[in-house]
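Source file: my_file.cif. Holds: mmCIF, C-alpha atoms.
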data_query
#
loop_
_atom_site.label_atom_id
_atom_site.label_comp_id
_atom_site.auth_asym_id
_atom_site.auth_seq_id
_atom_site.Cartn_x
_atom_site.Cartn_y
_atom_site.Cartn_z
CA MET Q 1 173.34 35.17 -58.12
CA LYS Q 2 171.63 34.11 -54.94
CA ASP Q 3 168.63 35.02 -52.87
CA THR Q 4 169.91 35.37 -49.29
CA PHE Q 5 168.35 35.94 -45.87
CA LYS Q 6 169.49 39.56 -46.20
CA HIS Q 7 167.49 39.93 -49.43
CA LYS Q 8 164.46 38.32 -47.79
CA GLY Q 9 164.73 40.77 -44.89
CA LEU Q 10 164.97 43.73 -47.29
CA ARG Q 11 161.90 42.44 -49.14
CA GLN Q 12 159.93 42.31 -45.91
CA LYS Q 13 160.88 45.94 -45.23
CA LEU Q 14 159.69 46.82 -48.75
CA VAL Q 15 156.36 45.05 -48.09
CA ASN Q 16 155.95 47.16 -44.94
CA VAL Q 17 156.65 50.34 -46.96
CA LEU Q 18 153.94 49.32 -49.47
CA LYS Q 19 151.47 48.65 -46.65
CA ASP Q 20 152.21 52.11 -45.23
CA LYS Q 21 151.50 53.57 -48.70
CA GLY Q 22 148.07 51.94 -48.76
CA ILE Q 23 148.48 48.59 -50.52
CA THR Q 24 146.09 46.16 -48.80
CA ASP Q 25 145.78 43.13 -51.13
CA ILE Q 26 147.48 40.39 -49.11
CA ASN Q 27 148.16 38.25 -52.20
CA VAL Q 28 149.95 41.14 -53.92
CA LEU Q 29 152.00 41.88 -50.79
CA ASN Q 30 152.92 38.19 -50.45
CA ALA Q 31 154.02 38.06 -54.11
CA ILE Q 32 156.27 41.10 -53.67
CA GLY Q 33 157.63 39.57 -50.46
CA LYS Q 34 158.54 36.40 -52.33
CA ILE Q 35 160.01 37.57 -55.67
CA PRO Q 36 163.79 38.27 -55.71
CA ARG Q 37 163.63 41.72 -57.34
CA HIS Q 38 167.43 42.09 -57.16
CA LEU Q 39 167.77 39.33 -59.78
CA PHE Q 40 165.80 41.44 -62.27
CA MET Q 41 168.34 44.27 -62.14
CA ASP Q 42 171.96 44.74 -63.15
CA SER Q 43 174.25 43.74 -60.30
CA GLY Q 44 175.41 47.35 -59.92
CA PHE Q 45 171.96 48.23 -58.64
CA LEU Q 46 171.76 45.53 -55.95
CA ASP Q 47 171.79 48.10 -53.16
CA HIS Q 48 168.73 49.73 -54.70
CA ALA Q 49 166.69 46.62 -55.47
CA TYR Q 50 164.43 46.84 -52.44
CA GLN Q 51 163.98 50.59 -52.34
CA ASP Q 52 160.60 51.79 -53.57
CA LYS Q 53 162.05 53.29 -56.75
CA ALA Q 54 162.13 52.65 -60.49
CA PHE Q 55 165.54 51.84 -62.04
CA PRO Q 56 166.98 51.60 -65.57
CA ILE Q 57 167.21 48.10 -67.11
CA GLY Q 58 168.61 48.96 -70.57
CA ALA Q 59 166.96 49.76 -73.92
CA ASP Q 60 165.76 53.07 -72.38
CA GLN Q 61 163.37 51.12 -70.17
CA THR Q 62 162.95 50.86 -66.39
CA ILE Q 63 161.92 48.27 -63.84
CA SER Q 64 158.82 49.90 -62.35
CA GLN Q 65 158.68 51.20 -58.81
CA PRO Q 66 157.40 48.39 -56.51
CA TYR Q 67 154.51 50.61 -55.35
CA THR Q 68 153.40 51.06 -58.97
CA VAL Q 69 153.59 47.30 -59.62
CA ALA Q 70 151.61 46.62 -56.44
CA PHE Q 71 149.06 49.36 -57.22
CA GLN Q 72 148.40 48.11 -60.75
CA SER Q 73 148.26 44.49 -59.58
CA GLU Q 74 145.76 45.39 -56.85
CA LEU Q 75 143.52 47.21 -59.37
CA LEU Q 76 143.41 44.05 -61.52
CA GLN Q 77 141.83 42.05 -58.65
CA VAL Q 78 143.58 38.92 -59.91
CA LYS Q 79 141.97 35.55 -59.27
CA ARG Q 80 143.79 32.23 -59.75
CA GLU Q 81 143.66 31.03 -63.38
CA ASP Q 82 142.73 34.52 -64.67
CA LYS Q 83 143.90 34.99 -68.24
CA ILE Q 84 145.87 38.26 -68.28
CA LEU Q 85 147.44 40.17 -71.16
CA GLU Q 86 150.48 42.22 -70.19
CA ILE Q 87 151.60 45.01 -72.52
CA GLY Q 88 155.30 45.67 -71.91
CA THR Q 89 157.15 42.68 -70.44
CA GLY Q 90 160.19 44.83 -69.63
CA SER Q 91 162.36 43.22 -66.93
CA GLY Q 92 159.67 40.60 -66.29
CA TYR Q 93 159.11 41.72 -62.68
CA GLN Q 94 155.42 42.53 -63.18
CA THR Q 95 155.06 39.26 -65.11
CA ALA Q 96 156.50 37.39 -62.13
CA VAL Q 97 154.03 39.10 -59.76
CA LEU Q 98 151.11 38.04 -61.99
CA CYS Q 99 152.43 34.46 -62.17
CA GLU Q 100 152.85 34.43 -58.39
CA LEU Q 101 149.18 35.50 -58.11
CA GLY Q 102 148.23 32.39 -60.11
CA ALA Q 103 147.36 34.11 -63.40
CA LYS Q 104 147.91 32.71 -66.87
CA VAL Q 105 150.04 35.48 -68.38
CA TYR Q 106 150.32 36.44 -72.05
CA SER Q 107 152.96 39.14 -72.50
CA ILE Q 108 154.08 41.43 -75.34
CA GLU Q 109 157.40 43.32 -75.51
CA ARG Q 110 158.48 45.56 -78.37
CA GLN Q 111 162.17 45.97 -77.44
CA GLN Q 112 163.99 43.03 -79.06
CA GLU Q 113 166.87 43.17 -76.56
CA LEU Q 114 164.55 42.96 -73.54
CA PHE Q 115 162.30 40.37 -75.18
CA LYS Q 116 165.22 37.99 -75.74
CA LYS Q 117 166.67 38.52 -72.27
CA THR Q 118 163.43 38.28 -70.27
CA SER Q 119 161.89 35.35 -72.16
CA LYS Q 120 164.99 33.31 -71.25
CA PHE Q 121 165.41 34.68 -67.73
CA LEU Q 122 161.90 34.26 -66.26
CA PRO Q 123 161.66 30.46 -66.73
CA LYS Q 124 164.99 30.11 -64.86
CA LEU Q 125 163.22 31.60 -61.81
CA GLY Q 126 160.25 29.26 -62.34
CA TYR Q 127 157.90 31.87 -63.85
CA ARG Q 128 156.38 30.68 -67.10
CA ALA Q 129 154.12 32.91 -69.17
CA ARG Q 130 151.67 31.04 -71.42
CA LYS Q 131 152.96 33.10 -74.33
CA PHE Q 132 155.72 35.67 -74.87
CA VAL Q 133 155.46 37.74 -78.04
CA PHE Q 134 157.80 40.27 -79.61
CA GLY Q 135 155.38 42.78 -81.11
CA ASP Q 136 153.26 45.92 -80.99
CA GLY Q 137 151.40 46.23 -77.69
CA TYR Q 138 148.86 48.66 -79.20
CA LYS Q 139 147.40 45.71 -81.14
CA GLY Q 140 147.12 43.37 -78.17
CA MET Q 141 146.98 39.61 -78.83
CA VAL Q 142 143.80 39.07 -80.79
CA ASP Q 143 144.39 35.35 -81.38
CA GLU Q 144 144.35 34.69 -77.61
CA ALA Q 145 141.47 37.06 -76.68
CA PRO Q 146 139.28 37.51 -74.74
CA PHE Q 147 141.16 38.19 -71.47
CA ASP Q 148 140.00 38.56 -67.87
CA SER Q 149 142.34 41.56 -67.55
CA VAL Q 150 144.80 43.64 -69.52
CA ILE Q 151 147.65 45.53 -67.83
CA VAL Q 152 149.74 48.17 -69.61
CA THR Q 153 153.11 48.90 -68.01
CA ALA Q 154 154.10 51.93 -70.12
CA GLY Q 155 152.57 55.37 -70.53
CA ALA Q 156 149.99 55.40 -73.32
CA PRO Q 157 149.12 58.75 -74.96
CA PHE Q 158 145.64 57.33 -75.64
CA VAL Q 159 143.72 54.14 -74.87
CA PRO Q 160 144.22 51.59 -77.68
CA LYS Q 161 140.79 50.36 -78.83
CA PRO Q 162 142.01 46.80 -79.51
CA LEU Q 163 142.88 46.38 -75.82
CA LEU Q 164 139.36 47.34 -74.74
CA GLY Q 165 137.95 45.03 -77.41
CA GLN Q 166 139.99 42.06 -76.16
CA LEU Q 167 138.47 42.17 -72.64
CA LYS Q 168 135.80 39.73 -71.50
CA ILE Q 169 132.55 41.25 -70.22
CA GLY Q 170 133.42 42.15 -66.63
CA GLY Q 171 137.11 42.32 -67.59
CA ARG Q 172 139.47 45.06 -66.37
CA LEU Q 173 142.01 47.17 -68.26
CA VAL Q 174 144.58 48.98 -66.10
CA ILE Q 175 146.48 51.57 -68.13
CA PRO Q 176 148.50 54.74 -67.38
CA VAL Q 177 147.17 57.36 -69.83
CA GLY Q 178 148.96 60.58 -70.76
CA ASP Q 179 152.13 61.99 -72.30
CA ASN Q 180 154.66 63.32 -69.75
CA VAL Q 181 152.66 62.40 -66.67
CA GLN Q 182 150.09 59.62 -66.75
CA ILE Q 183 146.78 59.15 -64.95
CA MET Q 184 146.36 55.56 -63.77
CA THR Q 185 143.06 54.52 -65.34
CA LEU Q 186 140.84 51.48 -64.87
CA PHE Q 187 138.24 50.44 -67.44
CA ILE Q 188 135.72 47.73 -66.56
CA ARG Q 189 133.86 46.21 -69.51
CA LYS Q 190 130.11 46.25 -68.80
CA GLY Q 191 128.83 45.29 -72.24
CA SER Q 192 129.88 44.97 -75.88
CA LYS Q 193 130.31 48.75 -76.17
CA GLU Q 194 129.92 49.87 -72.57
CA PHE Q 195 132.86 50.59 -70.24
CA GLU Q 196 133.04 52.01 -66.74
CA LYS Q 197 136.04 54.32 -66.17
CA HIS Q 198 137.87 55.12 -62.92
CA GLU Q 199 140.94 57.35 -62.44
CA PHE Q 200 143.53 56.99 -59.66
CA GLY Q 201 145.97 59.90 -59.76
CA GLU Q 202 149.32 60.61 -61.38
CA PHE Q 203 152.16 58.19 -62.14
CA ARG Q 204 155.23 58.36 -64.38
CA PHE Q 205 156.06 55.65 -66.92
CA VAL Q 206 158.35 55.27 -69.92
CA PRO Q 207 156.29 55.74 -73.12
CA LEU Q 208 154.38 52.91 -74.83
CA LEU Q 209 155.92 52.90 -78.32
CA GLU Q 210 154.05 51.96 -81.45
CA ASN Q 211 155.02 50.21 -84.68
CA LYS Q 212 158.73 49.84 -83.94
CA ASN Q 213 159.13 46.29 -85.26
#
Mind turning the file's structure into structure tokens?
Amino acid sequence: MKDTFKHKGLRQKLVNVLKDKGITDINVLNAIGKIPRHLFMDSGFLDHAYQDKAFPIGADQTISQPYTVAFQSELLQVKREDKILEIGTGSGYQTAVLCELGAKVYSIERQQELFKKTSKFLPKLGYRARKFVFGDGYKGMVDEAPFDSVIVTAGAPFVPKPLLGQLKIGGRLVIPVGDNVQIMTLFIRKGSKEFEKHEFGEFRFVPLLENKN
């Protein structure tokens, strides 16, 4: 599969849609303008790759809506060389955005089928996470902590304490919290037990599943 001028043009249109929806972080917009999202989807969905919509990718999972990816990425305020833990590798599209932003990405996926596929696929596009793990995202990655940021790309019914505990002081956790509909939530770690909380409205995600290994 190729990345053509047509795809690049469609990506630029998508970037303009995201700007119109309020995304302002130029680095995030540039990353979305650069990454060939159509390669992350089954070929049957090529016509839909640059619409601002979520789509199925197998294993009852979806590739997130570009606006959601951009919104979460913007909340992280990624700086080059930031060490970021991603809960829910999925298609790898969010992982690619974080890599494009210059982060060192550590990613956990609990669907074996997706884990195998994505851990092979991303390096082919030149996106290399520091570590890919098949495991339970609720537990985080304690042996690699602390992290500058943690991003959760599935709906969590509650905020897992280990993820808060694995943040550096000043670190940011971006997590959609709720059952059927999630509230996008940002926690900023202010001290060993002190966190500042901000909420950013409703989103819909597939559920973050626990203990399925």
Quick one: everything within 6 Å of Pro176 (chain Q), counting all atoms listed in the file, minus sequence neighbours fewer than 5 positions away in the same chain. Send it as a list in words. Gly155, Gln182, Ile183, Met184 and Thr185 of chain Q
Rounded to one decimal in Å, what is the spacing between CA of Pro162 (chain Q) and CA of Thr118 (chain Q)?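 According to the coordinates, CA of Pro162 (chain Q) and CA of Thr118 (chain Q) are separated by 24.8 Å.
For the atom pair formed by CA of Asp136 (chain Q) and CA of Arg204 (chain Q), the distance is 20.8 Å, given to one decimal.
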Using all atoms listed in the file, can you tell me which of Q:Leu10, Q:Thr62, Q:Thr68, Q:Gln77 comes closest to Asn27 (chain Q)? Q:Gln77
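Shortest separation to Arg128 (chain Q) among Q:Val159, Q:Ile169, Q:Val177, Q:Ala96 occurs at residue Q:Ala96, atoms counted being all atoms listed in the file.
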Could you check how far CA of Ala129 (chain Q) sits from CA of Lys104 (chain Q), in Å to one decimal?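 CA of Lys104 (chain Q) lies at a distance of 6.6 Å from CA of Ala129 (chain Q).
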Give me, as number ranges by chain, all polymer residues having an atom no more than 8 Å from region 52-54 of chain Q, counting all atoms listed in the file and skipping those fewer than 5 positions away in the same chain. Q: 14, 17, 62-67
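Counting all atoms listed in the file, the residue from Q:Leu164, Q:Ile151, Q:Leu114, Q:Leu29 that sits nearest to Val133 (chain Q) is Q:Leu114.
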